[in-house]
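> See query10.txt below, with compact mmCIF, C-alpha atoms.
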# COMPACT_ATOMS: atom_id res chain seq x y z
CA MET A 112 36.07 27.62 99.41
CA GLN A 113 34.94 24.06 99.62
CA ASP A 114 31.34 25.16 99.73
CA SER A 115 31.81 27.24 96.58
CA ALA A 116 33.36 24.33 94.66
CA SER A 117 30.64 21.99 95.77
CA THR A 118 27.94 24.34 94.57
CA ASP A 119 29.53 24.79 91.07
CA LYS A 120 29.66 21.08 90.15
CA PRO A 121 25.92 20.47 89.93
CA THR A 122 25.62 23.46 87.60
CA VAL A 123 28.14 21.97 85.11
CA LEU A 124 26.49 18.58 85.26
CA HIS A 125 23.10 20.20 84.69
CA HIS A 126 24.10 22.06 81.46
CA LYS A 127 25.96 19.16 79.81
CA PRO A 128 22.87 17.01 79.03
CA THR A 129 21.09 20.09 77.63
CA ALA A 130 23.87 20.66 75.09
CA VAL A 131 23.71 17.02 74.04
CA ARG A 132 19.96 17.21 73.61
CA THR A 133 20.32 20.36 71.54
CA LYS A 134 22.87 18.70 69.28
CA VAL A 135 20.67 15.64 68.83
CA LEU A 136 17.70 17.89 68.10
CA HIS A 137 19.65 19.74 65.41
CA GLU A 138 20.68 16.46 63.83
CA LYS A 139 17.09 15.24 63.83
CA GLN A 140 15.97 18.50 62.26
CA LYS A 141 18.59 18.08 59.55
CA GLU A 142 17.40 14.53 58.90
CA ILE A 143 13.80 15.72 58.71
CA ALA A 144 14.81 18.50 56.31
CA MET A 145 16.65 15.98 54.12
CA MET A 146 13.68 13.64 54.18
CA ARG A 147 11.39 16.50 53.18
CA GLN A 148 13.73 17.39 50.34
CA GLN A 149 13.80 13.78 49.17
CA LEU A 150 10.01 13.64 49.40
CA LEU A 151 9.67 16.80 47.32
CA GLN A 152 12.06 15.38 44.73
CA ALA A 153 10.10 12.11 44.63
CA GLU A 154 6.83 14.03 44.20
CA GLU A 155 8.35 16.08 41.38
CA GLN A 156 9.59 12.92 39.66
CA LEU A 157 6.14 11.39 40.04
CA LYS A 158 4.52 14.48 38.52
CA GLN A 159 7.01 14.42 35.65
CA LYS A 160 6.29 10.74 35.03
CA LYS A 161 2.57 11.44 35.10
CA ARG A 162 2.99 14.24 32.56
CA GLU A 163 4.99 11.92 30.28
CA VAL A 164 2.32 9.20 30.52
CA GLU A 165 -0.44 11.72 29.76
CA ALA A 166 1.52 13.03 26.77
CA GLN A 167 2.04 9.50 25.45
CA GLU A 168 -1.64 8.70 25.93
CA ALA A 169 -2.67 11.90 24.13
CA ALA A 170 -0.34 11.08 21.24
CA ARG A 171 -1.69 7.53 21.06
CA THR A 172 -5.28 8.79 21.06
CA ALA A 173 -4.50 11.31 18.32
CA GLU A 174 -2.85 8.59 16.22
CA GLN A 175 -5.85 6.29 16.65
CA GLN A 176 -8.24 9.07 15.65
CA LYS A 177 -6.11 9.81 12.60
CA GLN A 178 -6.11 6.13 11.59
CA GLN A 179 -9.89 5.94 12.01
CA GLU A 180 -10.36 9.06 9.89
CA ASP A 181 -8.04 7.65 7.21
CA LEU A 182 -9.97 4.38 7.24
CA LYS A 183 -13.31 6.19 6.91
CA ARG A 184 -11.96 8.26 4.04
CA LYS A 185 -10.62 5.17 2.25
CA ARG A 186 -13.92 3.36 2.70
CA ALA A 187 -15.82 6.36 1.35
CA GLN A 188 -13.51 6.52 -1.67
CA LEU A 189 -13.85 2.79 -2.24
CA SER A 190 -17.63 2.95 -1.95
CA SER A 191 -17.73 5.82 -4.43
CA SER A 192 -15.48 3.92 -6.85
CA LEU A 193 -17.68 0.84 -6.59
CA GLN A 194 -20.81 2.88 -7.24
CA HIS A 195 -19.22 4.41 -10.34
CA ALA A 196 -18.09 0.96 -11.48
CA ALA A 197 -21.59 -0.42 -10.98
CA ALA A 198 -23.11 2.47 -12.93
CA ALA A 199 -20.59 2.02 -15.75
CA ALA A 200 -21.24 -1.73 -15.85
CA GLU A 201 -25.00 -1.16 -16.04
CA MET A 202 -24.54 1.34 -18.86
CA LYS A 203 -22.28 -1.08 -20.71
CA ALA A 204 -24.82 -3.87 -20.28
CA HIS A 205 -27.55 -1.59 -21.60
CA VAL A 206 -25.44 -0.69 -24.64
CA HIS A 207 -24.72 -4.37 -25.35
CA THR A 208 -28.40 -5.23 -25.08
CA SER A 209 -29.44 -2.40 -27.39
CA THR A 210 -26.77 -3.27 -29.94
CA SER A 211 -27.59 -6.98 -29.97
CA SER A 212 -31.34 -6.39 -30.36
CA ALA A 213 -30.93 -4.09 -33.37
CA PRO A 214 -28.07 -5.07 -35.77
CA SER A 215 -26.62 -2.14 -37.67
CA SER A 216 -27.42 -1.67 -41.35
CA ALA A 217 -23.72 -1.29 -42.13
CA THR A 218 -22.97 -4.77 -40.78
CA SER A 219 -25.86 -6.24 -42.78
CA ALA A 220 -24.70 -4.53 -45.94
CA THR A 221 -21.12 -5.71 -45.52
CA THR A 222 -22.29 -9.26 -44.94
CA ALA A 223 -24.45 -9.15 -48.07
CA VAL A 224 -21.59 -7.84 -50.20
CA ALA A 225 -19.26 -10.54 -48.91
CA LYS A 226 -21.81 -13.20 -49.74
CA ALA A 227 -22.04 -11.80 -53.26
CA GLY A 228 -18.37 -12.67 -53.75
CA MET A 229 -16.86 -9.18 -53.95
CA PRO A 230 -13.16 -9.38 -53.01
CA GLY A 231 -11.58 -7.29 -50.29
CA LEU A 232 -14.68 -7.11 -48.16
CA GLN A 233 -15.26 -9.28 -45.14
CA PRO A 234 -18.29 -9.45 -42.89
CA GLY A 235 -18.01 -7.31 -39.79
CA PRO A 236 -17.63 -8.83 -36.34
CA GLN A 237 -20.79 -10.13 -34.79
CA VAL A 238 -21.90 -8.47 -31.56
CA SER A 239 -22.28 -10.91 -28.69
CA THR A 240 -25.73 -11.12 -27.22
CA SER A 241 -24.48 -12.44 -23.89
CA THR A 242 -24.54 -9.86 -21.12
CA SER A 243 -24.48 -12.23 -18.16
CA THR A 244 -20.85 -11.48 -17.24
CA THR A 245 -21.39 -7.73 -17.28
CA SER A 246 -24.60 -8.04 -15.31
CA MET A 247 -22.88 -10.21 -12.72
CA SER A 248 -20.06 -7.68 -12.37
CA ALA A 249 -22.55 -4.88 -11.81
CA ALA A 250 -24.45 -6.94 -9.25
CA ASP A 251 -21.23 -7.89 -7.44
CA ALA A 252 -20.10 -4.25 -7.36
CA LYS A 253 -23.44 -3.25 -5.82
CA GLU A 254 -23.16 -6.06 -3.28
CA ILE A 255 -19.62 -5.01 -2.30
CA SER A 256 -20.77 -1.43 -1.81
CA ARG A 257 -23.74 -2.59 0.26
CA VAL A 258 -21.64 -4.79 2.54
CA LEU A 259 -18.98 -2.13 3.14
CA SER A 260 -21.59 0.53 3.96
CA SER A 261 -23.67 -1.72 6.25
CA ASN A 262 -23.73 -0.68 9.91
CA SER A 263 -24.79 -3.94 11.58
CA SER A 264 -24.26 -7.67 11.28
CA TYR A 265 -27.91 -8.17 10.34
CA ALA A 266 -27.71 -5.62 7.53
CA CYS A 267 -24.40 -7.02 6.31
CA LEU A 268 -25.83 -10.56 6.07
CA LYS A 269 -29.19 -9.35 4.67
CA VAL A 270 -31.23 -10.98 7.44
CA ASN A 271 -33.88 -9.52 9.71
CA PHE A 272 -33.49 -9.08 13.44
CA GLY A 273 -34.48 -12.33 15.14
CA ALA A 274 -33.54 -14.52 12.17
CA SER A 275 -32.77 -18.16 12.92
CA VAL A 276 -29.27 -19.61 12.84
CA SER A 277 -30.08 -21.66 9.75
CA HIS A 278 -31.30 -18.56 7.92
CA VAL A 279 -28.14 -16.69 8.87
CA LYS A 280 -25.94 -19.55 7.64
CA SER A 281 -27.85 -19.85 4.38
CA SER A 282 -27.56 -16.13 3.65
CA TYR A 283 -23.87 -16.15 4.55
CA ARG A 284 -23.11 -19.05 2.17
CA LYS A 285 -24.88 -17.32 -0.70
CA LEU A 286 -23.12 -14.00 -0.16
CA ALA A 287 -19.73 -15.62 0.50
CA MET A 288 -19.88 -17.50 -2.80
CA ALA A 289 -20.49 -14.24 -4.66
CA LEU A 290 -17.88 -12.14 -2.84
CA HIS A 291 -15.07 -14.64 -2.30
CA PRO A 292 -11.80 -13.08 -3.58
CA ASP A 293 -11.00 -16.22 -5.57
CA LYS A 294 -14.18 -15.69 -7.58
CA CYS A 295 -14.81 -11.95 -7.47
CA LYS A 296 -11.89 -9.85 -8.73
CA LEU A 297 -13.54 -6.46 -8.28
CA GLU A 298 -11.93 -3.81 -6.11
CA GLY A 299 -13.01 -4.10 -2.48
CA ALA A 300 -14.11 -7.74 -2.76
CA ALA A 301 -11.54 -8.97 -0.24
CA GLU A 302 -12.46 -6.30 2.31
CA ALA A 303 -16.17 -6.94 1.81
CA PHE A 304 -15.69 -10.69 2.22
CA GLN A 305 -13.72 -10.18 5.44
CA LYS A 306 -16.43 -7.90 6.85
CA LEU A 307 -19.08 -10.43 5.83
CA HIS A 308 -17.19 -13.22 7.59
CA ASN A 309 -16.68 -11.13 10.75
CA SER A 310 -20.39 -10.27 10.83
CA TYR A 311 -21.28 -13.94 10.43
CA MET A 312 -18.98 -15.02 13.27
CA SER A 313 -20.26 -12.25 15.54
CA LEU A 314 -23.92 -12.97 14.84
CA THR A 315 -23.64 -16.76 15.20
CA ARG A 316 -21.86 -16.33 18.54
CA LYS A 317 -24.62 -13.98 19.62
CA LEU A 318 -27.26 -16.53 18.61
CA GLY A 319 -25.39 -19.29 20.42
CA ALA A 320 -24.53 -21.32 17.34
Translate the structure of the given file into structure tokens.


Amino acid sequence: MQDSASTDKPTVLHHKPTAVRTKVLHEKQKEIAMMRQQLLQAEEQLKQKKREVEAQEAARTAEQQKQQEDLKRKRAQLSSSLQHAAAAAEMKAHVHTSTSSAPSSATSATTAVAKAGMPGLQPGPQVSTSTSTTSMSAADAKEISRVLSSNSSYACLKVNFGASVSHVKSSYRKLAMALHPDKCKLEGAAEAFQKLHNSYMSLTRKLGA
């Protein structure tokens, strides 16, 4: 009987550590499973965040494209309006010139009758021969249209590639005096002046002035 009891004890002691190791292994497996679940959740959150950022970027890009298209359309409309204004101003100047060079017979007759002393008749208004203001308006409208439609700093400032700094400054002063909003009240003058100034600053920096 003593031999039987002595042989059973090692068996019990041998199985006890195995059960402990199994329990620890199960706990580790649970921890690993939880960590995997947390990792999957973190990856999903990261993907969701990435999708949100991409959506925001796409919306921002679409908004920028829309603003650029609106700006192009407004510039095209403004350029068309300026061209029509320039054409109308030229036509008006031509009419004034034609009228001033050939006085009407009706005006001459009315003036003659008034000089004769007939009551109730007054000489008609004299047509002004000055067309400088109209001509200047037409020229300014053309210049505004040219500046707004220019596609380079050289073209905007009316200088050739390789022009000197002094030439650039001289051309800028001349154009700025004509297009300054305080002097030129035509539509688009302020925008043209700003573009002219930006072109001047960009070109002078490029030339090292």

> Between atom CA of Ser192 of chain A and atom CA of Glu302 of chain A, what is the distance in Å, rounded to a tenth?

14.1 Å

> Find the distance between atom CA of Cys267 of chain A and atom CA of Leu193 of chain A and write it in Å to one decimal.

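Result for atom CA of Cys267 of chain A versus atom CA of Leu193 of chain A: 16.5 Å, one decimal.
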
> Please list as a PyMOL selection string every residue within 9 Å of Gly299 of chain A, counting only C-alpha atoms and excluding residues in the same chain fewer than 3 positions away.

chain A and resi 189-190+193+252+255-256+259+296+302-304

> Grab the atom CA of Glu254 of chain A to atom CA of Gln188 of chain A distance for me, in Å with one decimal place.

15.9 Å

> Out of A:His291, A:Arg257, A:Arg316, A:Lys185, which residue has the shortest atom-to-atom distance to Val276 of chain A when counting all atoms listed in the file?

A:Arg316

> Please determine, counting only C-alpha atoms, which residue among A:Arg147, A:Arg184, A:Lys139, A:His278 has the shortest atom-to-atom distance to Leu318 of chain A.

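Selected residue with least distance to Leu318 of chain A: A:His278.
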
> Pick from A:Leu150, A:Leu182, A:Val279, A:Ala300: nearest to Leu314 of chain A, with only C-alpha atoms counted?

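Residue with the minimum atom-to-atom distance to Leu314 of chain A: A:Val279.
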